[in-house]
file query.pdb (PDB, C-alpha atoms and all ligand atoms)
MODEL        1
ATOM      1  CA  MET A  18       0.000   0.000   0.000
ATOM      2  CA  ARG A  19       1.273   3.479  -0.852
ATOM      3  CA  ASP A  20       1.883   5.903   1.959
ATOM      4  CA  LEU A  21      -1.302   7.461   3.261
ATOM      5  CA  ILE A  22       0.356  10.858   3.720
ATOM      6  CA  GLU A  23       2.719  12.464   1.220
ATOM      7  CA  VAL A  24       4.657  15.489   2.390
ATOM      8  CA  SER A  25       6.195  17.690  -0.333
ATOM      9  CA  GLU A  26       9.992  17.927  -0.412
ATOM     10  CA  GLU A  27       9.968  21.575   0.568
ATOM     11  CA  VAL A  28       7.678  21.036   3.561
ATOM     12  CA  GLN A  29       9.589  17.933   4.637
ATOM     13  CA  ALA A  30      12.898  19.829   4.583
ATOM     14  CA  ALA A  31      11.401  22.719   6.566
ATOM     15  CA  LEU A  32       9.993  20.356   9.202
ATOM     16  CA  GLU A  33      13.311  18.540   9.550
ATOM     17  CA  GLU A  34      15.119  21.847  10.030
ATOM     18  CA  GLU A  35      12.438  23.017  12.495
ATOM     19  CA  GLN A  36      11.596  26.006  10.324
ATOM     20  CA  ALA A  37       8.233  27.751  10.454
ATOM     21  CA  VAL A  38       5.519  25.893   8.497
ATOM     22  CA  VAL A  39       1.868  26.976   8.068
ATOM     23  CA  ALA A  40      -0.942  24.628   7.064
ATOM     24  CA  LEU A  41      -3.586  25.996   4.688
ATOM     25  CA  GLU A  42      -6.927  24.376   3.843
ATOM     26  CA  THR A  43      -8.505  23.480   0.491
ATOM     27  CA  THR A  44     -12.215  23.809   1.414
ATOM     28  CA  LEU A  45     -11.831  27.528   0.826
ATOM     29  CA  VAL A  46     -10.373  26.810  -2.606
ATOM     30  CA  ALA A  47     -13.098  24.359  -3.655
ATOM     31  CA  HIS A  48     -16.188  25.630  -1.861
ATOM     32  CA  GLY A  49     -15.469  29.115  -0.491
ATOM     33  CA  PHE A  50     -15.449  31.127  -3.730
ATOM     34  CA  PRO A  51     -16.733  30.974  -7.285
ATOM     35  CA  ALA A  52     -13.996  29.662  -9.625
ATOM     36  CA  PRO A  53     -11.308  30.813 -10.280
ATOM     37  CA  ASP A  54     -11.198  32.937  -7.115
ATOM     38  CA  GLY A  55     -10.619  29.936  -4.846
ATOM     39  CA  VAL A  56      -7.354  28.990  -6.516
ATOM     40  CA  GLU A  57      -6.233  32.643  -6.610
ATOM     41  CA  THR A  58      -6.997  32.985  -2.890
ATOM     42  CA  GLY A  59      -5.059  29.800  -2.151
ATOM     43  CA  LEU A  60      -2.026  30.969  -4.125
ATOM     44  CA  ALA A  61      -2.143  34.448  -2.561
ATOM     45  CA  SER A  62      -2.336  32.845   0.903
ATOM     46  CA  GLU A  63       0.749  30.769   0.145
ATOM     47  CA  ALA A  64       2.544  33.928  -1.004
ATOM     48  CA  ALA A  65       1.572  35.710   2.226
ATOM     49  CA  VAL A  66       2.972  32.833   4.309
ATOM     50  CA  ARG A  67       6.229  33.045   2.351
ATOM     51  CA  ALA A  68       6.385  36.833   2.715
ATOM     52  CA  ALA A  69       6.249  36.300   6.485
ATOM     53  CA  GLY A  70       9.262  33.969   6.258
ATOM     54  CA  ALA A  71       7.449  30.643   6.655
ATOM     55  CA  VAL A  72       6.789  27.679   4.353
ATOM     56  CA  PRO A  73       3.161  27.083   3.239
ATOM     57  CA  ALA A  74       1.746  23.562   3.408
ATOM     58  CA  THR A  75      -1.617  23.497   1.646
ATOM     59  CA  ILE A  76      -3.427  20.252   2.438
ATOM     60  CA  GLY A  77      -5.928  18.156   0.480
ATOM     61  CA  VAL A  78      -6.671  14.595  -0.651
ATOM     62  CA  LEU A  79      -5.815  13.512  -4.216
ATOM     63  CA  ASP A  80      -5.262  10.118  -5.855
ATOM     64  CA  GLY A  81      -5.609   8.126  -2.661
ATOM     65  CA  ARG A  82      -3.235  10.192  -0.560
ATOM     66  CA  ILE A  83      -3.347  13.067   1.891
ATOM     67  CA  LEU A  84      -0.990  15.624   0.345
ATOM     68  CA  ILE A  85       0.815  18.138   2.560
ATOM     69  CA  GLY A  86       2.195  20.882   0.300
ATOM     70  CA  LEU A  87       0.465  21.251  -3.065
ATOM     71  CA  ALA A  88       1.705  22.337  -6.485
ATOM     72  CA  ARG A  89      -0.387  24.835  -8.442
ATOM     73  CA  SER A  90      -1.591  22.045 -10.751
ATOM     74  CA  ASP A  91      -2.783  20.127  -7.657
ATOM     75  CA  LEU A  92      -4.626  23.170  -6.326
ATOM     76  CA  GLU A  93      -6.559  23.501  -9.583
ATOM     77  CA  ARG A  94      -8.135  20.083  -8.999
ATOM     78  CA  PHE A  95     -10.086  21.389  -5.993
ATOM     79  CA  THR A  96     -13.302  22.308  -7.804
ATOM     80  CA  PRO A  97     -16.831  22.424  -6.305
ATOM     81  CA  ALA A  98     -17.101  18.704  -7.134
ATOM     82  CA  ALA A  99     -14.525  17.907  -4.426
ATOM     83  CA  ARG A 100     -15.760  16.266  -1.252
ATOM     84  CA  LYS A 101     -15.697  18.512   1.809
ATOM     85  CA  LEU A 102     -13.539  16.726   4.380
ATOM     86  CA  GLY A 103     -13.900  17.182   8.100
ATOM     87  CA  PRO A 104     -11.749  15.049  10.419
ATOM     88  CA  ARG A 105     -13.970  11.978  10.050
ATOM     89  CA  ASP A 106     -13.917  12.089   6.256
ATOM     90  CA  LEU A 107     -10.154  11.965   5.571
ATOM     91  CA  ALA A 108      -9.702   8.207   5.771
ATOM     92  CA  ALA A 109     -12.638   7.224   3.573
ATOM     93  CA  CYS A 110     -11.754   9.820   0.928
ATOM     94  CA  ALA A 111      -8.130   8.645   0.749
ATOM     95  CA  VAL A 112      -9.049   4.971   0.608
ATOM     96  CA  GLN A 113     -11.706   5.602  -2.042
ATOM     97  CA  GLY A 114      -9.415   7.741  -4.202
ATOM     98  CA  ALA A 115     -11.766  10.724  -4.341
ATOM     99  CA  VAL A 116     -10.761  14.385  -4.523
ATOM    100  CA  GLY A 117     -11.219  15.842  -1.037
ATOM    101  CA  ALA A 118     -10.952  19.441   0.153
ATOM    102  CA  THR A 119     -10.075  19.735   3.831
ATOM    103  CA  THR A 120     -11.920  22.042   6.227
ATOM    104  CA  VAL A 121     -10.153  23.665   9.178
ATOM    105  CA  GLY A 122     -10.862  20.540  11.220
ATOM    106  CA  GLY A 123      -9.708  18.183   8.475
ATOM    107  CA  THR A 124      -6.605  20.273   7.783
ATOM    108  CA  LEU A 125      -5.655  20.412  11.479
ATOM    109  CA  THR A 126      -6.031  16.658  11.798
ATOM    110  CA  ALA A 127      -3.704  16.001   8.850
ATOM    111  CA  ALA A 128      -1.264  18.744   9.927
ATOM    112  CA  ALA A 129      -0.992  17.274  13.414
ATOM    113  CA  ALA A 130      -0.080  13.885  11.939
ATOM    114  CA  VAL A 131       3.111  15.413  10.505
ATOM    115  CA  GLY A 132       3.878  17.921  13.257
ATOM    116  CA  ILE A 133       2.606  21.205  11.759
ATOM    117  CA  ARG A 134       1.153  23.500  14.421
ATOM    118  CA  PHE A 135       0.147  26.712  12.640
ATOM    119  CA  LEU A 136      -2.832  27.329  10.376
ATOM    120  CA  GLY A 137      -4.452  30.309   8.693
ATOM    121  CA  THR A 138      -8.121  30.514   7.643
ATOM    122  CA  GLY A 139     -10.994  32.930   7.181
ATOM    123  CA  GLY A 140     -13.556  32.135   9.837
ATOM    124  CA  LEU A 141     -13.822  29.125  12.100
ATOM    125  CA  GLY A 142     -16.913  26.888  12.013
ATOM    126  CA  GLY A 143     -19.041  26.617  15.152
ATOM    127  CA  VAL A 144     -22.554  26.341  16.539
ATOM    128  CA  HIS A 145     -25.195  27.006  13.890
ATOM    129  CA  ARG A 146     -28.020  29.393  14.708
ATOM    130  CA  GLY A 147     -31.116  27.759  16.134
ATOM    131  CA  PHE A 148     -29.270  24.962  17.942
ATOM    132  CA  PRO A 149     -30.539  22.333  18.847
ATOM    133  CA  SER A 150     -32.720  22.406  15.755
ATOM    134  CA  PRO A 151     -30.721  21.794  13.692
ATOM    135  CA  PRO A 152     -28.187  20.103  16.007
ATOM    136  CA  ASP A 153     -25.328  21.319  13.774
ATOM    137  CA  VAL A 154     -21.989  22.110  15.405
ATOM    138  CA  SER A 155     -18.927  22.289  13.142
ATOM    139  CA  ALA A 156     -16.390  19.488  13.450
ATOM    140  CA  ASP A 157     -13.804  22.309  13.515
ATOM    141  CA  LEU A 158     -14.544  22.573  17.243
ATOM    142  CA  GLY A 159     -13.875  18.900  17.939
ATOM    143  CA  ALA A 160     -10.577  19.122  16.072
ATOM    144  CA  ILE A 161      -9.338  22.224  17.865
ATOM    145  CA  ALA A 162     -10.148  20.611  21.198
ATOM    146  CA  ARG A 163      -7.979  17.574  20.262
ATOM    147  CA  VAL A 164      -5.011  19.056  18.400
ATOM    148  CA  PRO A 165      -2.290  21.467  19.626
ATOM    149  CA  ALA A 166      -2.060  24.359  17.156
ATOM    150  CA  VAL A 167      -2.495  28.083  16.610
ATOM    151  CA  ILE A 168      -5.200  29.170  14.165
ATOM    152  CA  ALA A 169      -5.087  32.711  12.778
ATOM    153  CA  SER A 170      -8.643  33.677  11.815
ATOM    154  CA  SER A 171     -11.075  36.564  11.703
ATOM    155  CA  GLY A 172     -13.106  34.853  14.394
ATOM    156  CA  VAL A 173     -16.084  32.588  13.929
ATOM    157  CA  LYS A 174     -18.158  32.840  10.740
ATOM    158  CA  SER A 175     -20.927  35.302  11.529
ATOM    159  CA  LEU A 176     -23.580  33.196   9.807
ATOM    160  CA  LEU A 177     -23.308  31.061  12.976
ATOM    161  CA  ASP A 178     -24.403  31.665  16.555
ATOM    162  CA  VAL A 179     -21.173  33.415  17.549
ATOM    163  CA  PRO A 180     -21.924  33.909  21.293
ATOM    164  CA  ALA A 181     -22.880  30.213  21.652
ATOM    165  CA  THR A 182     -19.712  29.187  19.806
ATOM    166  CA  VAL A 183     -17.568  31.336  22.093
ATOM    167  CA  GLU A 184     -19.198  29.750  25.164
ATOM    168  CA  LEU A 185     -18.424  26.318  23.764
ATOM    169  CA  LEU A 186     -14.803  27.351  23.095
ATOM    170  CA  GLU A 187     -14.525  28.224  26.787
ATOM    171  CA  THR A 188     -15.995  24.851  27.755
ATOM    172  CA  LEU A 189     -13.447  23.121  25.520
ATOM    173  CA  GLY A 190     -10.552  25.063  27.069
ATOM    174  CA  VAL A 191      -9.688  26.943  23.880
ATOM    175  CA  PRO A 192      -7.966  30.313  24.480
ATOM    176  CA  VAL A 193      -9.452  33.030  22.259
ATOM    177  CA  ILE A 194      -6.762  35.644  21.709
ATOM    178  CA  GLY A 195      -7.645  38.992  20.165
ATOM    179  CA  TYR A 196      -4.839  40.214  17.912
ATOM    180  CA  ARG A 197      -4.823  43.960  18.620
ATOM    181  CA  THR A 198      -8.492  43.768  19.650
ATOM    182  CA  ASP A 199     -10.518  43.227  22.832
ATOM    183  CA  THR A 200     -13.440  41.613  21.036
ATOM    184  CA  LEU A 201     -13.582  38.642  18.701
ATOM    185  CA  PRO A 202     -14.001  39.836  15.108
ATOM    186  CA  LEU A 203     -17.229  38.796  13.400
ATOM    187  CA  PHE A 204     -15.601  37.508  10.220
ATOM    188  CA  TYR A 205     -16.527  40.263   7.691
ATOM    189  CA  ASP A 206     -17.202  42.714  10.505
ATOM    190  CA  ALA A 207     -14.380  43.910  12.780
ATOM    191  CA  ALA A 208     -16.670  45.190  15.527
ATOM    192  CA  GLY A 209     -19.509  43.995  17.726
ATOM    193  CA  GLY A 210     -18.260  40.547  18.702
ATOM    194  CA  PRO A 211     -18.036  38.991  22.184
ATOM    195  CA  PRO A 212     -14.994  39.675  24.404
ATOM    196  CA  VAL A 213     -11.854  37.596  23.865
ATOM    197  CA  SER A 214     -10.217  35.664  26.711
ATOM    198  CA  ALA A 215      -6.993  37.676  26.304
ATOM    199  CA  ARG A 216      -5.641  40.377  24.010
ATOM    200  CA  ALA A 217      -2.147  40.293  22.479
ATOM    201  CA  ASP A 218      -0.634  43.066  20.409
ATOM    202  CA  ASP A 219       2.397  41.297  18.959
ATOM    203  CA  VAL A 220       3.126  37.936  17.412
ATOM    204  CA  ALA A 221       5.967  37.049  19.803
ATOM    205  CA  GLU A 222       3.531  37.300  22.697
ATOM    206  CA  ILE A 223       1.058  35.022  20.900
ATOM    207  CA  ALA A 224       3.853  32.505  20.269
ATOM    208  CA  ARG A 225       4.775  32.537  23.975
ATOM    209  CA  ILE A 226       1.124  32.121  25.025
ATOM    210  CA  ALA A 227       0.730  29.136  22.679
ATOM    211  CA  ASP A 228       3.932  27.564  23.909
ATOM    212  CA  ALA A 229       2.841  27.954  27.531
ATOM    213  CA  HIS A 230      -0.641  26.620  26.742
ATOM    214  CA  TRP A 231       0.827  23.519  25.077
ATOM    215  CA  ARG A 232       3.176  22.916  28.015
ATOM    216  CA  LEU A 233       0.086  22.849  30.221
ATOM    217  CA  GLY A 234      -1.422  20.133  28.062
ATOM    218  CA  GLY A 235      -3.650  22.528  26.149
ATOM    219  CA  ASN A 236      -4.526  22.203  22.487
ATOM    220  CA  THR A 237      -5.488  24.832  19.899
ATOM    221  CA  VAL A 238      -5.194  28.554  20.540
ATOM    222  CA  LEU A 239      -7.622  30.569  18.404
ATOM    223  CA  VAL A 240      -6.364  33.991  17.325
ATOM    224  CA  GLY A 241      -8.897  36.534  16.038
ATOM    225  CA  ARG A 242      -7.624  39.329  13.771
ATOM    226  CA  PRO A 243     -10.099  42.003  12.643
ATOM    227  CA  PRO A 244     -10.520  42.226   8.846
ATOM    228  CA  THR A 245      -8.737  45.301   7.484
ATOM    229  CA  GLU A 246     -11.842  46.300   5.519
ATOM    230  CA  SER A 247     -14.887  45.819   7.735
ATOM    231  CA  LEU A 248     -18.334  45.068   6.326
ATOM    232  CA  ASP A 249     -21.685  44.847   8.129
ATOM    233  CA  VAL A 250     -23.777  42.351   6.181
ATOM    234  CA  ALA A 251     -26.030  41.151   9.023
ATOM    235  CA  PRO A 252     -29.331  41.636   7.098
ATOM    236  CA  LEU A 253     -27.923  39.815   4.059
ATOM    237  CA  ILE A 254     -26.845  36.908   6.270
ATOM    238  CA  ASP A 255     -30.393  36.673   7.652
ATOM    239  CA  GLY A 256     -31.661  36.546   4.061
ATOM    240  CA  ALA A 257     -29.137  33.882   3.117
ATOM    241  CA  LEU A 258     -30.043  31.675   6.090
ATOM    242  CA  ALA A 259     -33.760  32.044   5.312
ATOM    243  CA  ALA A 260     -33.086  31.041   1.687
ATOM    244  CA  ALA A 261     -31.063  28.034   2.870
ATOM    245  CA  ALA A 262     -33.918  26.945   5.137
ATOM    246  CA  ARG A 263     -36.503  27.373   2.348
ATOM    247  CA  GLY A 264     -34.298  25.370  -0.019
ATOM    248  CA  GLY A 265     -33.802  22.544   2.489
ATOM    249  CA  VAL A 266     -30.008  23.141   2.538
ATOM    250  CA  SER A 267     -28.485  21.482   5.601
ATOM    251  CA  GLY A 268     -25.288  20.081   7.123
ATOM    252  CA  GLN A 269     -22.020  20.591   5.266
ATOM    253  CA  ALA A 270     -23.801  22.396   2.432
ATOM    254  CA  VAL A 271     -24.958  25.357   4.559
ATOM    255  CA  THR A 272     -21.678  27.278   4.741
ATOM    256  CA  PRO A 273     -20.894  27.132   0.972
ATOM    257  CA  PHE A 274     -24.523  28.035   0.158
ATOM    258  CA  VAL A 275     -24.541  31.068   2.430
ATOM    259  CA  LEU A 276     -21.121  32.312   1.276
ATOM    260  CA  ALA A 277     -22.173  32.026  -2.375
ATOM    261  CA  TYR A 278     -25.454  33.862  -1.656
ATOM    262  CA  LEU A 279     -23.558  36.703   0.040
ATOM    263  CA  HIS A 280     -20.961  36.929  -2.733
ATOM    264  CA  GLU A 281     -23.779  37.296  -5.287
ATOM    265  CA  ARG A 282     -26.010  39.712  -3.366
ATOM    266  CA  SER A 283     -23.302  42.045  -2.053
ATOM    267  CA  ASP A 284     -21.984  42.995  -5.489
ATOM    268  CA  GLY A 285     -18.810  41.072  -4.754
ATOM    269  CA  GLN A 286     -18.075  43.008  -1.549
ATOM    270  CA  THR A 287     -18.101  39.937   0.701
ATOM    271  CA  ARG A 288     -15.988  38.078  -1.825
ATOM    272  CA  ARG A 289     -13.320  40.777  -1.706
ATOM    273  CA  VAL A 290     -13.354  41.149   2.085
ATOM    274  CA  ASN A 291     -13.349  37.366   2.575
ATOM    275  CA  ARG A 292     -10.456  36.880   0.157
ATOM    276  CA  ASP A 293      -8.378  39.632   1.707
ATOM    277  CA  LEU A 294      -8.939  38.521   5.285
ATOM    278  CA  ILE A 295      -7.976  34.941   4.412
ATOM    279  CA  VAL A 296      -4.738  36.089   2.783
ATOM    280  CA  GLU A 297      -3.869  38.427   5.658
ATOM    281  CA  ASN A 298      -4.635  35.728   8.244
ATOM    282  CA  ALA A 299      -2.283  33.375   6.378
ATOM    283  CA  GLY A 300       0.404  36.044   6.698
ATOM    284  CA  LEU A 301      -0.329  36.403  10.419
ATOM    285  CA  ALA A 302      -0.086  32.631  10.892
ATOM    286  CA  GLY A 303       3.290  32.798   9.138
ATOM    287  CA  ALA A 304       4.504  35.581  11.430
ATOM    288  CA  ILE A 305       3.382  33.670  14.551
ATOM    289  CA  ALA A 306       5.074  30.491  13.286
ATOM    290  CA  VAL A 307       8.314  32.411  12.662
ATOM    291  CA  ALA A 308       8.118  33.982  16.140
ATOM    292  CA  HIS A 309       7.552  30.539  17.658
ATOM    293  CA  ALA A 310      10.526  29.046  15.822
ATOM    294  CA  ALA A 311      12.674  31.828  17.323
ATOM    295  CA  LEU A 312      11.626  31.154  20.961
TER     296      LEU A 312
HETATM  297  N1  LIG A 401     -13.459  30.441   6.220
HETATM  298  C1  LIG A 401     -13.891  31.092   5.097
HETATM  299  N2  LIG A 401     -14.595  30.361   4.159
HETATM  300  C2  LIG A 401     -14.845  29.012   4.314
HETATM  301  C3  LIG A 401     -14.368  28.341   5.493
HETATM  302  C4  LIG A 401     -13.689  29.116   6.414
HETATM  303  O1  LIG A 401     -13.651  32.284   4.943
HETATM  304  O2  LIG A 401     -15.446  28.392   3.438
HETATM  305  C5  LIG A 401     -14.616  26.855   5.649
HETATM  306  C6  LIG A 401     -13.525  26.212   6.510
HETATM  307  O3  LIG A 401     -13.011  25.115   5.785
HETATM  308  C7  LIG A 401     -14.247  25.722   7.738
HETATM  309  C8  LIG A 401     -15.584  25.382   7.163
HETATM  310  O4  LIG A 401     -13.614  24.638   8.350
HETATM  311  O5  LIG A 401     -15.831  26.508   6.322
HETATM  312  C9  LIG A 401     -16.642  25.133   8.205
HETATM  313  O6  LIG A 401     -17.699  24.462   7.596
HETATM  314  P1  LIG A 401     -18.815  23.725   8.479
HETATM  315  O7  LIG A 401     -19.610  24.835   9.121
HETATM  316  O8  LIG A 401     -19.648  22.942   7.503
HETATM  317  O9  LIG A 401     -18.099  22.859   9.470
HETATM  318 MN    MN A 402     -21.796  22.944   9.923
ENDMDL
END
call {"tool": "encode", "arguments": {"input": "query.pdb", "output": "structure tokens"}}
result
Amino acid sequence: MRDLIEVSEEVQAALEEEQAVVALETTLVAHGFPAPDGVETGLASEAAVRAAGAVPATIGVLDGRILIGLARSDLERFTPAARKLGPRDLAACAVQGAVGATTVGGTLTAAAAVGIRFLGTGGLGGVHRGFPSPPDVSADLGAIARVPAVIASSGVKSLLDVPATVELLETLGVPVIGYRTDTLPLFYDAAGGPPVSARADDVAEIARIADAHWRLGGNTVLVGRPPTESLDVAPLIDGALAAAARGGVSGQAVTPFVLAYLHERSDGQTRRVNRDLIVENAGLAGAIAVAHAAL
């Protein structure tokens, strides 16, 4: 049997030399944007990681293997037809030889298997509005409770129940660090979120907090960075969720449906803000990884 996990030469060399490495997901590429924006966002995120002095390791499942570190031609295979892979879906997708795009939870699970501890994304999954009907809580939360890492994000996706998600993060022992902010960003919107558990104004401090948290047996540290361009799209989100409910959209399909609805109805504004915040969060993850390597 071929190896289940294939690490690219560049990522392997960086890991062996204990250089800074940042994991990036492929769900964003396949399901987060209309083509070809997903691939462009993925490539720009890799460039931002490099600009920060770290090595990008984009993760996805192709040809029966979990790949850690993708070539551009690999990235282009993550179309909307790709499976969306949370932690539970990795094994079946690899064994069945399907194309699989990893979510934050799926990416973290694969990254942990090879010793990568830093990840950049847009917004974390969480508790869907209306819980317990539907009883939908993102598998991102299970993964971050199990795996030691730092995730640079713009908070929790605001189509969710953000206060409930933040309560659950506390229950799970996940530190929520505001990067130059006292409140958790609301994904597209910099302001109005719940308070963070601690604020940190520089990346070295975040690296030291993560290191201390891991030494205490803790797992993922969530970092929230406000989007540079802030957008209040609360009424549009309500409209998108109502349309999803009317259309019977549920489970894994909700997030891609809502993002696509917003991208269409906001004249591309959410698409631009989402793309930029993802790229900038990748850069922040790179800077934190570099600061951690220097500890
Ligand atoms: N951030 C974005 N766009 C996205 C996601 C995050 O800006 O599409 C993806 C991530 O892969 C995250 C997933 O893990 O959405 C959560 O989906 P769900 O709610 O189905 O668990
Ligand atoms: Mn979900």
call {"tool": "atom_distance", "arguments": {"input": "query.pdb", "atom1": "atom CA of Gly195 of chain A", "atom2": "atom C1 of ligand LIG 401 (chain A)"}}
result
18.1 Å
call {"tool": "resolve_selection", "arguments": {"input": "query.pdb", "expression": "the PyMOL selection byres (((chain A and resi 202-206) around 9) and not hetatm)", "output": "MDAnalysis selection string"}}
result
chainID A and resid 139:141 170:175 179 195 198 200:201 207:211 241:244 246:250 287 290:291 294
call {"tool": "closest_residue", "arguments": {"input": "query.pdb", "among": "A:Ala37, A:Ala68, A:Val275, A:Val164", "to": "ligand MN 402 (chain A)", "atoms": "all atoms listed in the file"}}
result
A:Val275
call {"tool": "closest_residue", "arguments": {"input": "query.pdb", "among": "A:Ile83, A:Ile22, A:Val266, A:Val238", "to": "Arg225 of chain A", "atoms": "all atoms listed in the file"}}
result
A:Val238
call {"tool": "residues_around", "arguments": {"input": "query.pdb", "residues": "Thr126 of chain A", "least_positions_apart": "2", "cutoff": "10 Å", "atoms": "all atoms listed in the file", "output": "JSON, numbers by chain"}}
result
{"A": [103, 104, 105, 107, 119, 120, 121, 122, 123, 124, 128, 129, 130, 131, 133, 157, 160, 161, 163, 164, 165]}
call {"tool": "write_last_selection", "arguments": {"input": "query.pdb", "atoms": "C-alpha atoms", "output": "tab-separated table (two decimals), in the frame of the given file"}}
result
chain	number	residue	atom	x	y	z
A	103	GLY	CA	-13.90	17.18	8.10
A	104	PRO	CA	-11.75	15.05	10.42
A	105	ARG	CA	-13.97	11.98	10.05
A	107	LEU	CA	-10.15	11.96	5.57
A	119	THR	CA	-10.07	19.74	3.83
A	120	THR	CA	-11.92	22.04	6.23
A	121	VAL	CA	-10.15	23.66	9.18
A	122	GLY	CA	-10.86	20.54	11.22
A	123	GLY	CA	-9.71	18.18	8.48
A	124	THR	CA	-6.60	20.27	7.78
A	128	ALA	CA	-1.26	18.74	9.93
A	129	ALA	CA	-0.99	17.27	13.41
A	130	ALA	CA	-0.08	13.88	11.94
A	131	VAL	CA	3.11	15.41	10.50
A	133	ILE	CA	2.61	21.20	11.76
A	157	ASP	CA	-13.80	22.31	13.52
A	160	ALA	CA	-10.58	19.12	16.07
A	161	ILE	CA	-9.34	22.22	17.86
A	163	ARG	CA	-7.98	17.57	20.26
A	164	VAL	CA	-5.01	19.06	18.40
A	165	PRO	CA	-2.29	21.47	19.63
call {"tool": "resolve_selection", "arguments": {"input": "query.pdb", "expression": "the PyMOL selection byres (((chain A and resi 253) around 10) and not hetatm)", "output": "number ranges by chain"}}
result
A: 176, 249-252, 254-259, 275, 278-279, 282-283
call {"tool": "closest_residue", "arguments": {"input": "query.pdb", "among": "A:Gly55, A:Pro73, A:Gly86, A:Gly142", "to": "ligand MN 402 (chain A)", "atoms": "all atoms listed in the file"}}
result
A:Gly142
call {"tool": "atom_distance", "arguments": {"input": "query.pdb", "atom1": "atom CA of Thr75 of chain A", "atom2": "atom CA of Ala40 of chain A"}}
result
5.6 Å
call {"tool": "closest_residue", "arguments": {"input": "query.pdb", "among": "A:Asp178, A:Leu185, A:Ala229, A:Val213", "to": "ligand MN 402 (chain A)", "atoms": "all atoms listed in the file"}}
result
A:Asp178
call {"tool": "closest_residue", "arguments": {"input": "query.pdb", "among": "A:Pro273, A:Gly137, A:Gly49, A:Gly265", "to": "ligand MN 402 (chain A)", "atoms": "all atoms listed in the file"}}
result
A:Pro273
call {"tool": "closest_residue", "arguments": {"input": "query.pdb", "among": "A:Leu189, A:Ile85, A:Leu41, A:Ile223", "to": "Asn236 of chain A", "atoms": "all atoms listed in the file"}}
result
A:Leu189
call {"tool": "decode", "arguments": {"input": "query.pdb", "residues": "segment 209-220 of chain A", "atoms": "N, CA, C and O atoms", "output": "JSON list (two decimals), in the first residue's frame"}}
result
[["chain", "number", "residue", "atom", "x", "y", "z"],
["A", 209, "GLY", "N", -18.23, 44.49, 17.23],
["A", 209, "GLY", "CA", -19.51, 43.99, 17.73],
["A", 209, "GLY", "C", -19.50, 42.57, 18.25],
["A", 209, "GLY", "O", -20.53, 42.06, 18.67],
["A", 210, "GLY", "N", -18.33, 41.92, 18.24],
["A", 210, "GLY", "CA", -18.26, 40.55, 18.70],
["A", 210, "GLY", "C", -18.11, 40.43, 20.21],
["A", 210, "GLY", "O", -17.94, 41.44, 20.90],
["A", 211, "PRO", "N", -18.20, 39.21, 20.74],
["A", 211, "PRO", "CA", -18.04, 38.99, 22.18],
["A", 211, "PRO", "C", -16.59, 39.21, 22.62],
["A", 211, "PRO", "O", -15.68, 39.19, 21.79],
["A", 212, "PRO", "N", -16.36, 39.45, 23.93],
["A", 212, "PRO", "CA", -14.99, 39.68, 24.40],
["A", 212, "PRO", "C", -14.10, 38.45, 24.21],
["A", 212, "PRO", "O", -14.58, 37.32, 24.26],
["A", 213, "VAL", "N", -12.82, 38.70, 23.97],
["A", 213, "VAL", "CA", -11.85, 37.60, 23.87],
["A", 213, "VAL", "C", -11.39, 37.21, 25.27],
["A", 213, "VAL", "O", -11.65, 37.92, 26.24],
["A", 214, "SER", "N", -10.70, 36.06, 25.38],
["A", 214, "SER", "CA", -10.22, 35.66, 26.71],
["A", 214, "SER", "C", -8.92, 36.37, 27.07],
["A", 214, "SER", "O", -8.59, 36.50, 28.25],
["A", 215, "ALA", "N", -8.17, 36.84, 26.06],
["A", 215, "ALA", "CA", -6.99, 37.68, 26.30],
["A", 215, "ALA", "C", -6.68, 38.42, 25.02],
["A", 215, "ALA", "O", -7.00, 37.95, 23.93],
["A", 216, "ARG", "N", -6.06, 39.59, 25.17],
["A", 216, "ARG", "CA", -5.64, 40.38, 24.01],
["A", 216, "ARG", "C", -4.12, 40.30, 23.90],
["A", 216, "ARG", "O", -3.42, 40.25, 24.91],
["A", 217, "ALA", "N", -3.60, 40.24, 22.68],
["A", 217, "ALA", "CA", -2.15, 40.29, 22.48],
["A", 217, "ALA", "C", -1.86, 41.19, 21.30],
["A", 217, "ALA", "O", -2.53, 41.10, 20.27],
["A", 218, "ASP", "N", -0.89, 42.08, 21.46],
["A", 218, "ASP", "CA", -0.63, 43.07, 20.41],
["A", 218, "ASP", "C", 0.56, 42.73, 19.53],
["A", 218, "ASP", "O", 0.82, 43.43, 18.57],
["A", 219, "ASP", "N", 1.31, 41.67, 19.87],
["A", 219, "ASP", "CA", 2.40, 41.30, 18.96],
["A", 219, "ASP", "C", 2.52, 39.77, 18.85],
["A", 219, "ASP", "O", 2.09, 39.04, 19.74],
["A", 220, "VAL", "N", 3.11, 39.37, 17.73],
["A", 220, "VAL", "CA", 3.13, 37.94, 17.41],
["A", 220, "VAL", "C", 4.02, 37.14, 18.36],
["A", 220, "VAL", "O", 3.75, 35.97, 18.65]]
